[in-house]
Amino acid sequence: MNEPLYITQWSIIRKEGVIRNEKVELNNEIFTNFATFLKSLYKKEEISYPKFYKMDNLSKLGFLGAEMLLKENSFFDRYKKEEIGIVIMNSSSSLDTDLAYFETIKDKTNYFPSPSVFVYTLPNILIGEICIRHKINGENAFLVSESFDPELMIRSVSLVMGTGHAQACLCGWVEVLGENFESLLFLIEKEKNRMEYQPSGGYSPFNNESLIQFYQNK
């Protein structure tokens, strides 16, 4: 029988602002545009990672969601980097960047394809950026679903966690298409860790009801 899984940390990034473990980290009362919003959050968190500015919008959003999720906790003290998996989903894949790349190749008289843009026409590059930043070496998967799908997320994370090697998993939903975006990320840990420490976010069962409740946290 599989060991019960729990949500021990979570972060939400939407136009309205940023929430981490029930705490409002950024109240975005006047939303201007997506690019400005991302830069504002990056600077507010005093992150020093120059490669951030070279990423596409999907990777920037996922990167910042992971930064919010992983800050100020002992997550990496409890696990080896190869014991941490990642499962991320969205509905648009890398379409936001695909469209930008298409603009560089559609006109044969003004043909200027950019290798740096082309790299990000694969959605799993987002996971790669998070892994590089935090040196995570566990199993990972990027899934595309028509809409936020708690059952698919639970099945996928349970499969990663059920291998016996993965002890924790970063999972969630990171969607970007034009000015529409949202990031909802979770840390998933096994029941035994409840006896070892008290997470600042408390505990929520990793099930359909919890995921829907978090997603509907508008």
# chains A, B, ... in the order shown; residues from 1 in each chain; ligands from 1
>>> select_by_dssp(residues="region 59-150 of chain A", states="alpha helix (DSSP H)", output="PyMOL selection string")
chain A and resi 59-70+75-78+95-105+115-118+125-134+150
>>> closest_atom_pairs(of="region 51-98 of chain A", to="region 153-162 of chain A", cutoff="9 Å", atoms="only C-alpha atoms", output="CSV")
residue,atom,partner,partner_atom,distance
A:Ile84,CA,A:Met161,CA,8.9
A:Gly85,CA,A:Val160,CA,6.8
A:Ile86,CA,A:Val157,CA,8.1
A:Val87,CA,A:Val157,CA,6.5
A:Ile88,CA,A:Met153,CA,8.2
A:Met89,CA,A:Met153,CA,7.8
>>> residues_around(residues="region 22-32 of chain A", least_positions_apart="2", cutoff="10 Å", atoms="only C-alpha atoms", output="PyMOL selection string")
chain A and resi 9-20+34-37+40-41+44-45+68+179+200-202
>>> atom_distance(atom1="CA of Ile136 (chain A)", atom2="CA of Lys80 (chain A)")
8.5 Å
>>> residues_around(residues="region 131-135 of chain A", least_positions_apart="2", cutoff="10 Å", atoms="only C-alpha atoms", output="number ranges by chain")
A: 49, 51, 63, 66-67, 70, 76, 80-82, 84-86, 125-129, 137-138, 140
>>> select_by_dssp(residues="region 13-159 of chain A", states="strand (DSSP E or B)", output="list in words")
Ile13, Arg14, Gly17, Val18, Ile19, Arg20, Lys23, Val24, Glu25, Leu26, Asn27, Ile84, Gly85, Ile86, Val87, Ile88, Met89, Asn90, Asn140, Ala141, Phe142, Leu143 and Val144 of chain A
>>> write_last_selection(atoms="N, CA and C atoms", output="compact mmCIF listing (two decimals), in the first residue's frame")
# COMPACT_ATOMS: atom_id res chain seq x y z
N ILE A 13 1.04 32.28 -7.83
CA ILE A 13 1.35 33.55 -8.50
C ILE A 13 0.28 33.79 -9.55
N ARG A 14 -0.45 34.87 -9.40
CA ARG A 14 -1.47 35.28 -10.36
C ARG A 14 -1.44 36.80 -10.50
N GLY A 17 -1.62 38.87 -7.42
CA GLY A 17 -0.48 38.93 -6.51
C GLY A 17 0.12 37.56 -6.24
N VAL A 18 0.83 37.47 -5.13
CA VAL A 18 1.57 36.26 -4.79
C VAL A 18 1.22 35.84 -3.36
N ILE A 19 0.89 34.56 -3.21
CA ILE A 19 0.60 34.00 -1.89
C ILE A 19 1.52 32.82 -1.65
N ARG A 20 2.04 32.74 -0.44
CA ARG A 20 2.88 31.60 -0.05
C ARG A 20 2.45 31.13 1.33
N LYS A 23 0.30 33.36 3.37
CA LYS A 23 0.82 34.71 3.54
C LYS A 23 0.85 35.43 2.19
N VAL A 24 0.29 36.64 2.14
CA VAL A 24 0.34 37.44 0.92
C VAL A 24 1.73 38.06 0.81
N GLU A 25 2.51 37.61 -0.17
CA GLU A 25 3.87 38.11 -0.36
C GLU A 25 3.91 39.36 -1.23
N LEU A 26 2.94 39.46 -2.13
CA LEU A 26 2.86 40.62 -3.02
C LEU A 26 1.41 40.85 -3.39
N ASN A 27 0.91 42.02 -3.06
CA ASN A 27 -0.46 42.39 -3.40
C ASN A 27 -0.40 43.31 -4.61
N ILE A 84 14.51 14.09 -4.99
CA ILE A 84 13.44 15.06 -5.24
C ILE A 84 13.01 14.98 -6.70
N GLY A 85 11.73 14.75 -6.94
CA GLY A 85 11.20 14.70 -8.29
C GLY A 85 10.46 15.99 -8.62
N ILE A 86 10.14 16.18 -9.89
CA ILE A 86 9.38 17.35 -10.33
C ILE A 86 8.34 16.90 -11.37
N VAL A 87 7.09 17.33 -11.17
CA VAL A 87 6.02 17.10 -12.13
C VAL A 87 5.27 18.41 -12.32
N ILE A 88 5.29 18.94 -13.53
CA ILE A 88 4.61 20.21 -13.81
C ILE A 88 3.68 20.03 -15.01
N MET A 89 2.54 20.72 -14.97
CA MET A 89 1.54 20.63 -16.02
C MET A 89 1.12 22.02 -16.48
N ASN A 90 0.61 22.09 -17.69
CA ASN A 90 -0.11 23.27 -18.16
C ASN A 90 -0.99 22.90 -19.35
N ASN A 140 11.65 13.55 -13.46
CA ASN A 140 10.77 14.69 -13.73
C ASN A 140 9.93 14.44 -14.97
N ALA A 141 8.84 15.19 -15.06
CA ALA A 141 7.95 15.08 -16.21
C ALA A 141 7.18 16.38 -16.38
N PHE A 142 6.97 16.77 -17.64
CA PHE A 142 6.11 17.90 -17.95
C PHE A 142 4.92 17.36 -18.74
N LEU A 143 3.72 17.63 -18.24
CA LEU A 143 2.50 17.10 -18.84
C LEU A 143 1.63 18.23 -19.38
N VAL A 144 0.94 17.96 -20.47
CA VAL A 144 0.02 18.94 -21.05
C VAL A 144 -1.40 18.41 -20.93
>>> atom_distance(atom1="CA of Leu187 (chain A)", atom2="CA of Ile7 (chain A)")
5.7 Å
>>> closest_residue(among="A:Tyr42, A:Tyr111, A:Tyr79, A:Trp173", to="Leu64 (chain A)", atoms="only C-alpha atoms")
A:Tyr42
>>> residues_around(residues="Pro123 (chain A)", least_positions_apart="3", cutoff="7 Å", atoms="only C-alpha atoms", output="ChimeraX atom specification")
/A:93-94,120,126
>>> write_last_selection(atoms="C-alpha atoms", output="PDB file, in the first residue's frame")
ATOM      1  CA  SER A  93       2.745  23.764 -23.524  1.00  0.00           C
ATOM      2  CA  SER A  94       5.350  26.244 -24.867  1.00  0.00           C
ATOM      3  CA  TYR A 120      12.479  27.448 -25.103  1.00  0.00           C
ATOM      4  CA  LEU A 126      11.116  25.048 -17.513  1.00  0.00           C
TER       5      LEU A 126
END
>>> residues_around(residues="Tyr6 (chain A)", least_positions_apart="5", cutoff="9 Å", atoms="only C-alpha atoms", output="JSON list (two decimals) with N, CA, C and O atoms, in the first residue's frame")
[["chain", "number", "residue", "atom", "x", "y", "z"],
["A", 187, "LEU", "N", 4.93, 21.46, -2.61],
["A", 187, "LEU", "CA", 5.90, 20.46, -2.18],
["A", 187, "LEU", "C", 5.11, 19.28, -1.64],
["A", 187, "LEU", "O", 4.24, 19.45, -0.76],
["A", 188, "ILE", "N", 5.39, 18.11, -2.15],
["A", 188, "ILE", "CA", 4.70, 16.89, -1.72],
["A", 188, "ILE", "C", 5.70, 16.01, -0.97],
["A", 188, "ILE", "O", 6.79, 15.73, -1.47],
["A", 189, "GLU", "N", 5.32, 15.61, 0.24],
["A", 189, "GLU", "CA", 6.20, 14.77, 1.06],
["A", 189, "GLU", "C", 5.42, 13.61, 1.65],
["A", 189, "GLU", "O", 4.19, 13.63, 1.73],
["A", 190, "LYS", "N", 6.15, 12.59, 2.06],
["A", 190, "LYS", "CA", 5.53, 11.39, 2.59],
["A", 190, "LYS", "C", 5.12, 11.58, 4.05],
["A", 190, "LYS", "O", 5.63, 12.44, 4.74],
["A", 191, "GLU", "N", 4.22, 10.73, 4.50],
["A", 191, "GLU", "CA", 3.63, 10.88, 5.84],
["A", 191, "GLU", "C", 4.68, 10.86, 6.93],
["A", 191, "GLU", "O", 4.57, 11.58, 7.93],
["A", 194, "ARG", "N", 5.98, 14.01, 8.69],
["A", 194, "ARG", "CA", 5.17, 14.77, 9.65],
["A", 194, "ARG", "C", 5.69, 14.59, 11.07],
["A", 194, "ARG", "O", 5.46, 15.43, 11.94],
["A", 203, "TYR", "N", -0.17, 21.13, 7.01],
["A", 203, "TYR", "CA", -0.31, 19.94, 6.19],
["A", 203, "TYR", "C", -1.68, 19.91, 5.53],
["A", 203, "TYR", "O", -2.68, 20.27, 6.13],
["A", 204, "SER", "N", -1.71, 19.47, 4.29],
["A", 204, "SER", "CA", -2.97, 19.19, 3.61],
["A", 204, "SER", "C", -2.81, 17.87, 2.89],
["A", 204, "SER", "O", -1.75, 17.61, 2.29],
["A", 205, "PRO", "N", -3.80, 17.00, 2.93],
["A", 205, "PRO", "CA", -3.70, 15.74, 2.19],
["A", 205, "PRO", "C", -3.53, 16.03, 0.69],
["A", 205, "PRO", "O", -4.14, 16.96, 0.16],
["A", 206, "PHE", "N", -2.72, 15.24, 0.05],
["A", 206, "PHE", "CA", -2.52, 15.39, -1.39],
["A", 206, "PHE", "C", -3.63, 14.62, -2.09],
["A", 206, "PHE", "O", -3.47, 13.46, -2.47],
["A", 207, "ASN", "N", -4.79, 15.29, -2.26],
["A", 207, "ASN", "CA", -5.94, 14.65, -2.89],
["A", 207, "ASN", "C", -6.69, 15.66, -3.74],
["A", 207, "ASN", "O", -6.35, 16.85, -3.78]]
